[in-house]
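Source file: target.txt (compact mmCIF, C-alpha atoms)
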# COMPACT_ATOMS: atom_id res chain seq x y z
CA PHE A 10 220.39 154.79 -0.62
CA PHE A 11 217.49 153.74 1.59
CA PHE A 12 217.24 150.42 -0.25
CA LYS A 13 219.83 147.98 -1.48
CA GLN A 14 218.46 147.35 -4.97
CA LYS A 15 220.17 145.57 -7.84
CA THR A 16 220.13 147.53 -11.05
CA ALA A 17 219.51 144.48 -13.23
CA TYR A 18 218.38 140.89 -13.08
CA GLU A 19 221.19 138.37 -13.19
CA ILE A 20 220.17 135.40 -15.29
CA VAL A 21 222.78 132.96 -16.63
CA ASP A 22 225.41 135.17 -18.27
CA CYS A 23 223.17 138.20 -18.58
CA ASP A 24 221.88 141.18 -16.63
CA TRP A 25 218.14 141.78 -16.78
CA SER A 26 216.61 145.17 -15.99
CA SER A 27 213.06 146.39 -16.10
CA ASP A 28 211.92 149.37 -18.12
CA VAL A 29 212.72 150.91 -21.44
CA CYS A 30 210.46 151.87 -24.28
CA SER A 31 211.40 150.57 -27.72
CA SER A 32 209.79 148.40 -30.33
CA ASP A 33 212.88 146.64 -31.63
CA LEU A 34 216.56 146.41 -30.75
CA SER A 35 219.45 146.09 -33.16
CA PRO A 36 220.73 142.52 -33.20
CA ALA A 37 224.21 141.83 -31.88
CA THR A 38 225.08 139.84 -35.01
CA PRO A 39 224.36 140.72 -38.64
CA ARG A 40 221.29 139.22 -40.25
CA SER A 41 223.42 137.07 -42.55
CA ALA A 42 225.11 135.45 -39.56
CA ARG A 43 221.86 134.34 -37.97
CA ARG A 44 220.37 130.90 -38.52
CA PRO A 45 217.43 130.99 -40.93
CA TRP A 46 214.03 129.97 -39.67
CA PRO A 47 213.21 127.17 -38.91
CA ARG A 48 216.58 125.38 -38.58
CA PRO A 49 216.94 123.94 -35.03
CA SER A 50 219.80 125.11 -32.79
CA SER A 51 222.00 123.34 -30.29
CA THR A 52 219.85 124.72 -27.46
CA ALA A 53 216.60 123.26 -28.80
CA GLY A 54 214.48 121.54 -26.21
CA ARG A 55 215.75 123.39 -23.14
CA CYS A 56 214.90 126.67 -21.45
CA PRO A 57 218.24 128.37 -20.66
CA ILE A 58 216.57 131.35 -18.98
CA LEU A 59 214.97 129.04 -16.42
CA GLU A 60 218.23 127.41 -15.41
CA ALA A 61 219.98 128.52 -12.22
CA PRO A 62 222.55 131.30 -12.80
CA PRO A 63 226.20 130.74 -11.93
CA PRO A 64 227.77 132.77 -9.11
CA LEU A 65 228.14 136.45 -9.97
CA SER A 66 231.93 136.30 -9.68
CA ALA A 67 232.02 133.46 -12.23
CA ARG A 68 230.20 135.34 -14.97
CA PRO A 69 232.31 136.64 -17.84
CA PRO A 70 231.74 140.18 -19.08
CA THR A 71 230.61 138.84 -22.47
CA VAL A 72 228.89 135.67 -23.59
CA ALA A 73 230.56 132.85 -25.47
CA ARG A 74 227.65 132.41 -27.89
CA PRO A 75 224.92 135.02 -28.19
CA TRP A 76 221.34 133.86 -27.98
CA ALA A 77 218.71 134.83 -30.50
CA LEU A 78 215.75 135.85 -28.34
CA ALA A 79 212.24 136.97 -29.27
CA PHE A 80 210.13 138.87 -26.74
CA LEU A 81 206.59 139.03 -28.07
CA ALA A 82 203.59 140.98 -26.78
CA CYS A 83 200.17 139.32 -26.70
CA SER A 84 197.98 142.38 -26.18
CA GLN A 85 194.68 142.68 -28.01
CA ASN A 86 195.85 145.75 -29.94
CA PRO A 87 198.99 144.81 -31.88
CA HIS A 88 199.73 148.44 -32.76
CA ARG A 89 199.89 149.90 -29.23
CA PHE A 90 201.65 147.28 -27.12
CA THR A 91 204.67 149.51 -26.50
CA GLU A 92 202.38 151.90 -24.61
CA ASP A 93 201.70 149.21 -22.01
CA ALA A 94 203.72 149.91 -18.85
CA SER A 95 203.80 146.20 -18.04
CA TRP A 96 205.43 145.49 -21.39
CA ARG A 97 208.08 148.12 -20.74
CA TYR A 98 208.90 146.78 -17.30
CA ARG A 99 208.78 143.08 -18.15
CA ALA A 100 210.19 142.98 -21.69
CA ASP A 101 211.73 146.14 -23.11
CA ASN A 102 214.24 146.81 -20.39
CA LEU A 103 215.19 143.15 -20.09
CA ALA A 104 215.87 143.13 -23.79
CA ARG A 105 218.03 146.26 -23.59
CA ALA A 106 220.18 144.70 -20.88
CA LEU A 107 220.54 141.45 -22.82
CA ALA A 108 221.42 143.33 -26.01
CA GLU A 109 224.18 145.14 -24.13
CA ARG A 110 225.65 141.73 -23.31
CA GLY A 111 225.78 140.75 -26.97
CA HIS A 112 222.56 138.82 -27.48
CA ALA A 113 220.33 139.25 -30.54
CA LEU A 114 216.87 140.57 -29.63
CA HIS A 115 213.63 140.94 -31.49
CA LEU A 116 210.76 142.79 -29.81
CA GLY A 117 207.35 142.83 -31.40
CA HIS A 118 203.80 141.53 -31.35
CA HIS A 119 203.25 137.80 -31.74
CA ARG A 120 200.88 138.33 -34.69
CA ALA A 121 203.76 139.76 -36.72
CA GLY A 122 205.93 136.69 -36.14
CA THR A 123 209.73 136.78 -35.96
CA PRO A 124 212.22 137.65 -38.72
CA TRP A 125 214.54 134.80 -37.79
CA ARG A 126 214.54 131.56 -35.85
CA PRO A 127 214.91 132.34 -32.11
CA ASP A 128 216.65 130.17 -29.55
CA LEU A 129 213.86 131.05 -27.13
CA VAL A 130 210.56 132.93 -27.21
CA LEU A 131 209.16 134.90 -24.27
CA LEU A 132 205.45 135.74 -24.50
CA HIS A 133 204.21 138.64 -22.42
CA ARG A 134 200.89 137.80 -20.71
CA PRO A 135 199.71 135.39 -23.43
CA MET A 136 196.05 134.52 -23.95
CA ASP A 137 194.65 131.56 -25.83
CA ASP A 138 193.70 132.25 -29.44
CA TRP A 139 194.00 130.38 -32.72
CA ARG A 140 196.83 132.51 -34.10
CA LEU A 141 199.02 131.95 -31.08
CA ARG A 142 198.19 128.22 -31.01
CA ARG A 143 199.36 127.95 -34.63
CA GLN A 144 202.61 129.74 -33.78
CA LEU A 145 203.16 127.51 -30.74
CA ARG A 146 202.84 124.41 -32.92
CA ALA A 147 205.44 125.80 -35.33
CA TRP A 148 207.87 126.69 -32.55
CA ARG A 149 207.44 123.29 -30.95
CA ALA A 150 208.07 121.52 -34.26
CA ALA A 151 211.28 123.54 -34.64
CA GLY A 152 212.43 122.76 -31.10
CA VAL A 153 212.12 126.37 -29.86
CA PRO A 154 211.30 126.64 -26.13
CA VAL A 155 208.50 129.10 -25.32
CA ILE A 156 208.02 130.68 -21.91
CA ALA A 157 205.47 133.19 -20.65
CA ASP A 158 205.80 136.12 -18.30
CA PHE A 159 203.04 137.25 -15.92
CA ASP A 160 203.19 140.20 -13.54
CA ASP A 161 199.63 140.01 -12.20
CA LEU A 162 197.31 137.27 -10.97
CA VAL A 163 195.45 137.09 -14.29
CA PHE A 164 195.31 133.30 -14.72
CA GLU A 165 192.76 132.56 -11.96
CA PRO A 166 189.22 133.20 -13.27
CA ALA A 167 187.76 132.68 -9.78
CA LEU A 168 189.48 135.92 -8.72
CA ALA A 169 188.20 138.07 -11.55
CA ALA A 170 185.90 139.94 -9.15
CA ASP A 171 189.00 141.06 -7.21
CA SER A 172 190.62 142.56 -10.30
CA PRO A 173 191.23 146.31 -9.94
CA GLY A 174 189.59 146.78 -13.33
CA VAL A 175 186.34 145.32 -11.98
CA LEU A 176 186.51 146.90 -8.52
CA ASN A 177 187.13 150.34 -10.01
CA LEU A 178 184.36 149.86 -12.59
CA ARG A 179 186.73 150.03 -15.54
CA LEU A 180 185.77 146.63 -17.02
CA PRO A 181 182.71 144.36 -16.71
CA LEU A 182 183.15 141.18 -14.69
CA ASP A 183 182.32 138.84 -17.59
CA GLU A 184 185.01 140.44 -19.77
CA VAL A 185 187.67 140.03 -17.07
CA GLN A 186 186.60 136.42 -16.49
CA ARG A 187 186.90 135.77 -20.22
CA ARG A 188 190.44 137.19 -20.28
CA PHE A 189 191.54 135.31 -17.16
CA THR A 190 190.14 132.07 -18.60
CA ALA A 191 192.03 132.64 -21.85
CA HIS A 192 195.28 133.11 -19.90
CA ARG A 193 194.71 129.90 -17.98
CA ARG A 194 193.78 127.75 -20.99
CA LEU A 195 197.18 128.39 -22.54
CA LEU A 196 199.34 127.35 -19.57
CA GLY A 197 199.66 123.74 -20.67
CA ALA A 198 201.04 124.75 -24.07
CA LEU A 199 204.05 126.57 -22.58
CA ASP A 200 207.44 125.28 -21.44
CA GLY A 201 207.93 127.51 -18.41
CA PHE A 202 207.13 130.80 -16.78
CA THR A 203 208.67 133.92 -15.29
CA VAL A 204 206.76 136.06 -12.78
CA SER A 205 207.43 139.32 -10.98
CA THR A 206 206.93 138.34 -7.29
CA GLU A 207 207.21 135.35 -4.99
CA PRO A 208 203.47 135.36 -4.07
CA LEU A 209 202.65 135.30 -7.78
CA ARG A 210 205.02 132.38 -8.25
CA GLU A 211 203.22 130.51 -5.46
CA GLU A 212 199.84 131.22 -7.05
CA LEU A 213 200.99 130.01 -10.46
CA GLN A 214 202.58 126.88 -9.02
CA ALA A 215 199.30 126.07 -7.27
CA VAL A 216 197.36 126.49 -10.52
CA LEU A 217 199.84 124.32 -12.43
CA ALA A 218 199.62 121.61 -9.77
CA HIS A 219 195.82 121.72 -9.92
CA GLU A 220 195.99 121.29 -13.70
CA GLY A 221 198.52 118.44 -13.40
CA LEU A 222 201.24 120.44 -15.18
CA ALA A 223 204.92 120.19 -14.26
CA ARG A 224 206.52 123.42 -15.42
CA PRO A 225 209.37 125.53 -14.00
CA VAL A 226 208.42 128.94 -12.60
CA LEU A 227 211.12 131.53 -11.94
CA CYS A 228 210.63 134.79 -10.08
CA LEU A 229 212.29 137.73 -11.87
CA PRO A 230 211.59 140.79 -9.68
CA ASN A 231 211.12 144.17 -11.27
CA ALA A 232 213.98 146.65 -11.14
CA VAL A 233 214.53 150.28 -12.06
CA ASP A 234 215.04 151.54 -15.57
CA LEU A 235 218.46 150.57 -16.82
CA ARG A 236 219.10 154.14 -17.97
CA TRP A 237 218.56 155.61 -14.49
CA ARG A 238 222.07 154.57 -13.55
CA GLY A 239 223.44 157.47 -15.56
CA LEU A 240 221.18 160.20 -14.15
CA PRO A 241 222.42 162.63 -11.48
CA ALA A 242 221.41 162.13 -7.87
CA THR A 243 218.36 163.88 -6.47
CA PRO A 244 219.03 167.23 -4.77
CA TRP A 245 218.17 166.85 -1.08
CA PRO A 246 215.95 167.79 0.54
CA ALA A 247 213.09 167.67 -1.95
CA PRO A 248 210.17 170.09 -1.56
CA PRO A 249 207.84 169.32 1.38
CA ALA A 250 205.38 167.21 -0.59
CA VAL A 251 203.85 163.74 -0.56
CA GLY A 252 203.46 162.09 -3.96
CA TYR A 253 201.07 159.50 -5.34
CA PHE A 254 201.75 158.20 -8.85
CA SER A 255 199.08 156.32 -10.78
CA GLY A 256 199.57 154.96 -14.28
CA THR A 257 196.00 153.76 -14.83
CA HIS A 258 192.41 154.53 -13.84
CA SER A 259 192.17 151.31 -11.80
CA HIS A 260 193.74 152.68 -8.60
CA ASP A 261 190.94 154.88 -7.25
CA LEU A 262 190.13 152.44 -4.44
CA ASP A 263 193.81 151.95 -3.64
CA PHE A 264 194.23 155.68 -3.07
CA ALA A 265 191.04 155.70 -0.99
CA GLU A 266 192.86 153.47 1.50
CA ALA A 267 195.23 156.34 2.26
CA ALA A 268 193.05 159.39 1.69
CA PRO A 269 191.43 159.90 5.15
CA GLY A 270 194.58 159.60 7.24
CA LEU A 271 196.63 161.48 4.68
CA ALA A 272 194.24 164.42 4.65
CA GLU A 273 194.31 164.58 8.45
CA VAL A 274 198.09 164.62 8.53
CA LEU A 275 198.54 167.23 5.80
CA ARG A 276 195.89 169.60 7.15
CA ALA A 277 197.94 169.70 10.35
CA ARG A 278 201.02 170.63 8.29
CA PRO A 279 200.02 173.57 6.05
CA GLY A 280 203.53 173.84 4.63
CA TRP A 281 203.16 170.42 3.00
CA ALA A 282 201.38 169.57 -0.26
CA LEU A 283 200.04 166.48 -1.97
CA HIS A 284 201.08 165.78 -5.57
CA LEU A 285 198.62 163.54 -7.42
CA VAL A 286 200.28 162.40 -10.64
CA GLY A 287 198.59 160.29 -13.30
CA ARG A 288 195.19 158.87 -14.04
CA GLY A 289 192.35 158.47 -11.57
CA HIS A 290 189.47 160.18 -9.81
CA PHE A 291 191.03 161.09 -6.48
CA GLU A 292 189.32 163.21 -3.82
CA PRO A 293 191.86 163.75 -1.03
CA GLY A 294 189.81 166.33 0.89
CA LEU A 295 192.55 168.99 1.01
CA PRO A 296 192.45 172.75 0.42
CA ALA A 297 193.50 173.88 -3.06
CA ASP A 298 196.78 175.39 -1.88
CA GLN A 299 197.89 171.97 -0.60
CA LEU A 300 196.97 170.01 -3.71
CA ARG A 301 198.77 169.75 -7.02
CA ARG A 302 197.31 167.59 -9.79
CA LEU A 303 199.39 166.50 -12.77
CA PRO A 304 198.37 164.31 -15.73
CA ARG A 305 200.07 161.07 -16.55
CA LEU A 306 203.59 162.07 -17.53
CA PRO A 307 205.93 160.63 -20.14
CA PHE A 308 208.21 158.11 -18.49
CA ASP A 309 211.41 159.37 -20.10
CA ASN A 310 211.11 163.09 -19.38
CA GLY A 311 208.32 163.61 -16.87
CA TYR A 312 207.79 160.83 -14.38
CA THR A 313 211.36 160.83 -13.09
CA ASP A 314 211.31 164.59 -12.50
CA ALA A 315 207.97 164.41 -10.67
CA LEU A 316 209.19 161.55 -8.49
CA ARG A 317 212.20 163.58 -7.40
CA GLN A 318 209.99 166.53 -6.43
CA VAL A 319 208.43 164.83 -3.40
CA ARG A 320 209.82 164.07 0.04
CA VAL A 321 207.60 161.03 0.67
CA ALA A 322 205.94 158.67 -1.85
CA LEU A 323 202.83 156.55 -1.31
CA LEU A 324 202.08 152.92 -2.18
CA PRO A 325 198.57 152.23 -0.84
CA LEU A 326 196.78 149.03 -1.89
CA GLN A 327 193.44 147.50 -1.04
CA PRO A 328 194.01 144.29 0.93
CA SER A 329 193.21 141.41 -1.43
CA ARG A 330 194.66 138.18 -2.75
CA PHE A 331 195.07 139.86 -6.14
CA ASN A 332 197.01 142.84 -4.77
CA ARG A 333 199.15 140.61 -2.54
CA CYS A 334 200.87 139.39 -5.72
CA LYS A 335 201.76 142.86 -6.97
CA SER A 336 205.27 144.18 -7.35
CA ALA A 337 206.67 146.91 -5.12
CA LEU A 338 207.91 148.72 -8.21
CA LYS A 339 206.83 152.16 -7.00
CA LEU A 340 208.80 151.56 -3.83
CA ILE A 341 211.83 150.40 -5.81
CA GLU A 342 211.75 153.44 -8.07
CA ALA A 343 211.29 155.90 -5.22
CA GLY A 344 214.06 154.23 -3.24
CA TRP A 345 216.43 154.61 -6.15
CA TRP A 346 216.08 158.39 -5.74
CA ASN A 347 216.41 158.24 -1.95
CA THR A 348 212.72 158.99 -1.41
CA PRO A 349 211.10 157.17 1.55
CA VAL A 350 207.79 155.40 0.99
CA LEU A 351 204.66 154.79 3.03
CA ALA A 352 203.24 151.48 1.81
CA SER A 353 200.41 149.12 2.57
CA PRO A 354 201.55 145.65 3.69
CA LEU A 355 202.95 144.00 0.57
CA PRO A 356 205.15 140.87 0.52
CA ASP A 357 207.35 142.15 -2.31
CA ALA A 358 208.04 145.37 -0.37
CA ARG A 359 209.28 143.60 2.73
CA ARG A 360 212.55 142.61 1.09
CA PHE A 361 213.41 146.33 1.31
CA ALA A 362 212.69 146.68 5.02
CA GLY A 363 214.67 149.59 6.44
CA PRO A 364 214.49 153.29 7.27
CA GLY A 365 213.13 154.16 3.83
CA LEU A 366 210.00 152.00 4.13
CA GLY A 367 207.10 152.69 6.46
CA GLU A 368 204.48 149.93 6.42
CA VAL A 369 201.04 151.28 7.24
CA ASP A 370 198.28 148.81 8.13
CA ARG A 371 195.69 151.57 8.05
CA PRO A 372 196.21 155.15 6.89
CA ALA A 373 196.08 156.90 10.28
CA ASP A 374 198.26 154.38 12.09
CA ARG A 375 201.75 155.64 11.35
CA ALA A 376 201.49 158.26 8.62
CA PRO A 377 201.81 161.22 11.04
CA ALA A 378 205.04 159.92 12.52
CA GLN A 379 206.53 159.05 9.13
CA ILE A 380 205.75 162.41 7.55
CA GLY A 381 206.82 164.16 10.74
CA ARG A 382 210.27 162.57 10.48
CA ALA A 383 210.51 163.64 6.83
CA HIS A 384 209.49 167.16 7.89

Could you spell out this file's structure in structure tokens?
Amino acid sequence: FFFKQKTAYEIVDCDWSSDVCSSDLSPATPRSARRPWPRPSSTAGRCPILEAPPPLSARPPTVARPWALAFLACSQNPHRFTEDASWRYRADNLARALAERGHALHLGHHRAGTPWRPDLVLLHRPMDDWRLRRQLRAWRAAGVPVIADFDDLVFEPALAADSPGVLNLRLPLDEVQRRFTAHRRLLGALDGFTVSTEPLREELQAVLAHEGLARPVLCLPNAVDLRWRGLPATPWPAPPAVGYFSGTHSHDLDFAEAAPGLAEVLRARPGWALHLVGRGHFEPGLPADQLRRLPRLPFDNGYTDALRQVRVALLPLQPSRFNRCKSALKLIEAGWWNTPVLASPLPDARRFAGPGLGEVDRPADRAPAQIGRAH
């Protein structure tokens, strides 16, 4: 492979991975064997997930005592949270990996509560509201630690204007400021945090220090879908194509960073094509025979196939403090299938420095040489 990438996060006695799509996992122990809510457990008052893991060689293949863990979404629509890509990457796949190691998992929305007393609750991108405050009081009274996971810089209201949703005219500034403020107000009610990148960890630690809060913050980088390990390798070489994959409408300006240089390079190589996959209003300035547009594809039986049908993938980002905290997930996923990536400077990407990563300060700087080598 171009990149040396772990297939799962290694936390305490468990492997953590990053992307499945399910709404609930079968518990590792029968319902009758679980402690009824709200009886405290022997782990009450501590956050085992935030403790340092033992050496890999010291970890047993199974756990001595399974945890009862609740991963709860905090999205505004409690009926569609499983459609959120962030939820899949930051909760679903982690839960699948933990369930494989024998832990009991409940995945759901926080408004629905939990069917049994958990040893630990993980809230995905929580925002302050009265329902969640009431649940936090109940968990605290029962001695249940509660941590939150963030994968974007959404807890700094002063940066709302840099949000891709605002810059790409998807959301009004006052609405984004309201959401960011709601994220920040809740920080003091939580016992700890997990984040997706080191820059995001630094940002959160700075906010906590400013608020006078002493809380542990652990970086859990994203990883590929746990199920990808069983898929066959990509046939090589792939078709002569460059691919850009966008899951939301908020990446129009990111793609615009690459569009001018990319169009220049591809027009000089008529045998190459550009595959634009997903949501967005992209105008690459290429002739029709060099452009293929695809809608957003299902993750399980569309995205993977499209990713393996390009010879080079793109990860352009507007330079901003907000984007600096983003995960290099697209790079990680492309690298898993041996597909090199041209990426804007991104701290999380630099841990994969090697022949499969070309860092491009501006689109025309190195794109011709990188695509030429792929050609």

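Proximity of A:Leu81, A:Leu338, A:Ala94, A:Ala157 to Arg305 in chain A, computed with all atoms listed in the file, is greatest for A:Ala94.
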
Polymer residues at most 9 Å from range 318-324 of chain A, all atoms listed in the file, same-chain spacing of 5 or more positions, as a compact mmCIF listing (two decimals) with C-alpha atoms, in the frame of the given file:
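Saved result, around-v2.txt, follows:
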# COMPACT_ATOMS: atom_id res chain seq x y z
CA THR A 243 218.36 163.88 -6.47
CA TRP A 245 218.17 166.85 -1.08
CA PRO A 246 215.95 167.79 0.54
CA ALA A 247 213.09 167.67 -1.95
CA PRO A 248 210.17 170.09 -1.56
CA PRO A 249 207.84 169.32 1.38
CA ALA A 250 205.38 167.21 -0.59
CA VAL A 251 203.85 163.74 -0.56
CA GLY A 252 203.46 162.09 -3.96
CA TYR A 253 201.07 159.50 -5.34
CA PHE A 254 201.75 158.20 -8.85
CA ASP A 263 193.81 151.95 -3.64
CA PHE A 264 194.23 155.68 -3.07
CA ALA A 267 195.23 156.34 2.26
CA LEU A 283 200.04 166.48 -1.97
CA HIS A 284 201.08 165.78 -5.57
CA THR A 313 211.36 160.83 -13.09
CA ALA A 337 206.67 146.91 -5.12
CA LYS A 339 206.83 152.16 -7.00
CA LEU A 340 208.80 151.56 -3.83
CA ALA A 343 211.29 155.90 -5.22
CA THR A 348 212.72 158.99 -1.41
CA PRO A 349 211.10 157.17 1.55
CA VAL A 350 207.79 155.40 0.99
CA LEU A 351 204.66 154.79 3.03
CA ALA A 352 203.24 151.48 1.81
CA SER A 353 200.41 149.12 2.57
CA GLN A 379 206.53 159.05 9.13
CA ILE A 380 205.75 162.41 7.55
CA ALA A 383 210.51 163.64 6.83
CA HIS A 384 209.49 167.16 7.89

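Each of A:Arg302, A:Ala106, A:Leu262, A:Val274 was checked against Val286 in chain A using only C-alpha atoms; the smallest atom-to-atom distance is that of A:Arg302.
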
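Comparing the minimum interatomic distances between Pro354 in chain A and each of A:Ala215, A:Glu266, A:Asp298, A:Asp161, counting all atoms listed in the file, we find that A:Glu266 sits nearest.
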
Task: Leu132 in chain A surroundings by only C-alpha atoms, 12 Å radius, close-in-sequence under 2 positions cut, as a VMD selection string - done: chain A and resid 78 to 84 96 99 to 100 115 to 120 122 129 to 130 134 to 137 141 144 to 145 154 to 159 192 195 to 196 198 to 204

Please produce an output containing C-alpha atoms for each residue in the selection, written as a compact mmCIF listing (two decimals), in the frame of the given file.
# COMPACT_ATOMS: atom_id res chain seq x y z
CA LEU A 78 215.75 135.85 -28.34
CA ALA A 79 212.24 136.97 -29.27
CA PHE A 80 210.13 138.87 -26.74
CA LEU A 81 206.59 139.03 -28.07
CA ALA A 82 203.59 140.98 -26.78
CA CYS A 83 200.17 139.32 -26.70
CA SER A 84 197.98 142.38 -26.18
CA TRP A 96 205.43 145.49 -21.39
CA ARG A 99 208.78 143.08 -18.15
CA ALA A 100 210.19 142.98 -21.69
CA HIS A 115 213.63 140.94 -31.49
CA LEU A 116 210.76 142.79 -29.81
CA GLY A 117 207.35 142.83 -31.40
CA HIS A 118 203.80 141.53 -31.35
CA HIS A 119 203.25 137.80 -31.74
CA ARG A 120 200.88 138.33 -34.69
CA GLY A 122 205.93 136.69 -36.14
CA LEU A 129 213.86 131.05 -27.13
CA VAL A 130 210.56 132.93 -27.21
CA ARG A 134 200.89 137.80 -20.71
CA PRO A 135 199.71 135.39 -23.43
CA MET A 136 196.05 134.52 -23.95
CA ASP A 137 194.65 131.56 -25.83
CA LEU A 141 199.02 131.95 -31.08
CA GLN A 144 202.61 129.74 -33.78
CA LEU A 145 203.16 127.51 -30.74
CA PRO A 154 211.30 126.64 -26.13
CA VAL A 155 208.50 129.10 -25.32
CA ILE A 156 208.02 130.68 -21.91
CA ALA A 157 205.47 133.19 -20.65
CA ASP A 158 205.80 136.12 -18.30
CA PHE A 159 203.04 137.25 -15.92
CA HIS A 192 195.28 133.11 -19.90
CA LEU A 195 197.18 128.39 -22.54
CA LEU A 196 199.34 127.35 -19.57
CA ALA A 198 201.04 124.75 -24.07
CA LEU A 199 204.05 126.57 -22.58
CA ASP A 200 207.44 125.28 -21.44
CA GLY A 201 207.93 127.51 -18.41
CA PHE A 202 207.13 130.80 -16.78
CA THR A 203 208.67 133.92 -15.29
CA VAL A 204 206.76 136.06 -12.78

TODO: Choose the residue, out of A:Arg210, A:His133, A:Arg301, A:Arg236, that has the smallest atom-to-atom separation from Gln85 in chain A; count only C-alpha atoms.
DONE: A:His133

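Put simply, CA of Arg330 in chain A is 17.7 Å away from CA of Leu217 in chain A.
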
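The nearest approach to His260 in chain A among the residues A:Gly221, A:Gly311, A:Pro173, A:Pro208, with all atoms listed in the file taken into account, belongs to A:Pro173.
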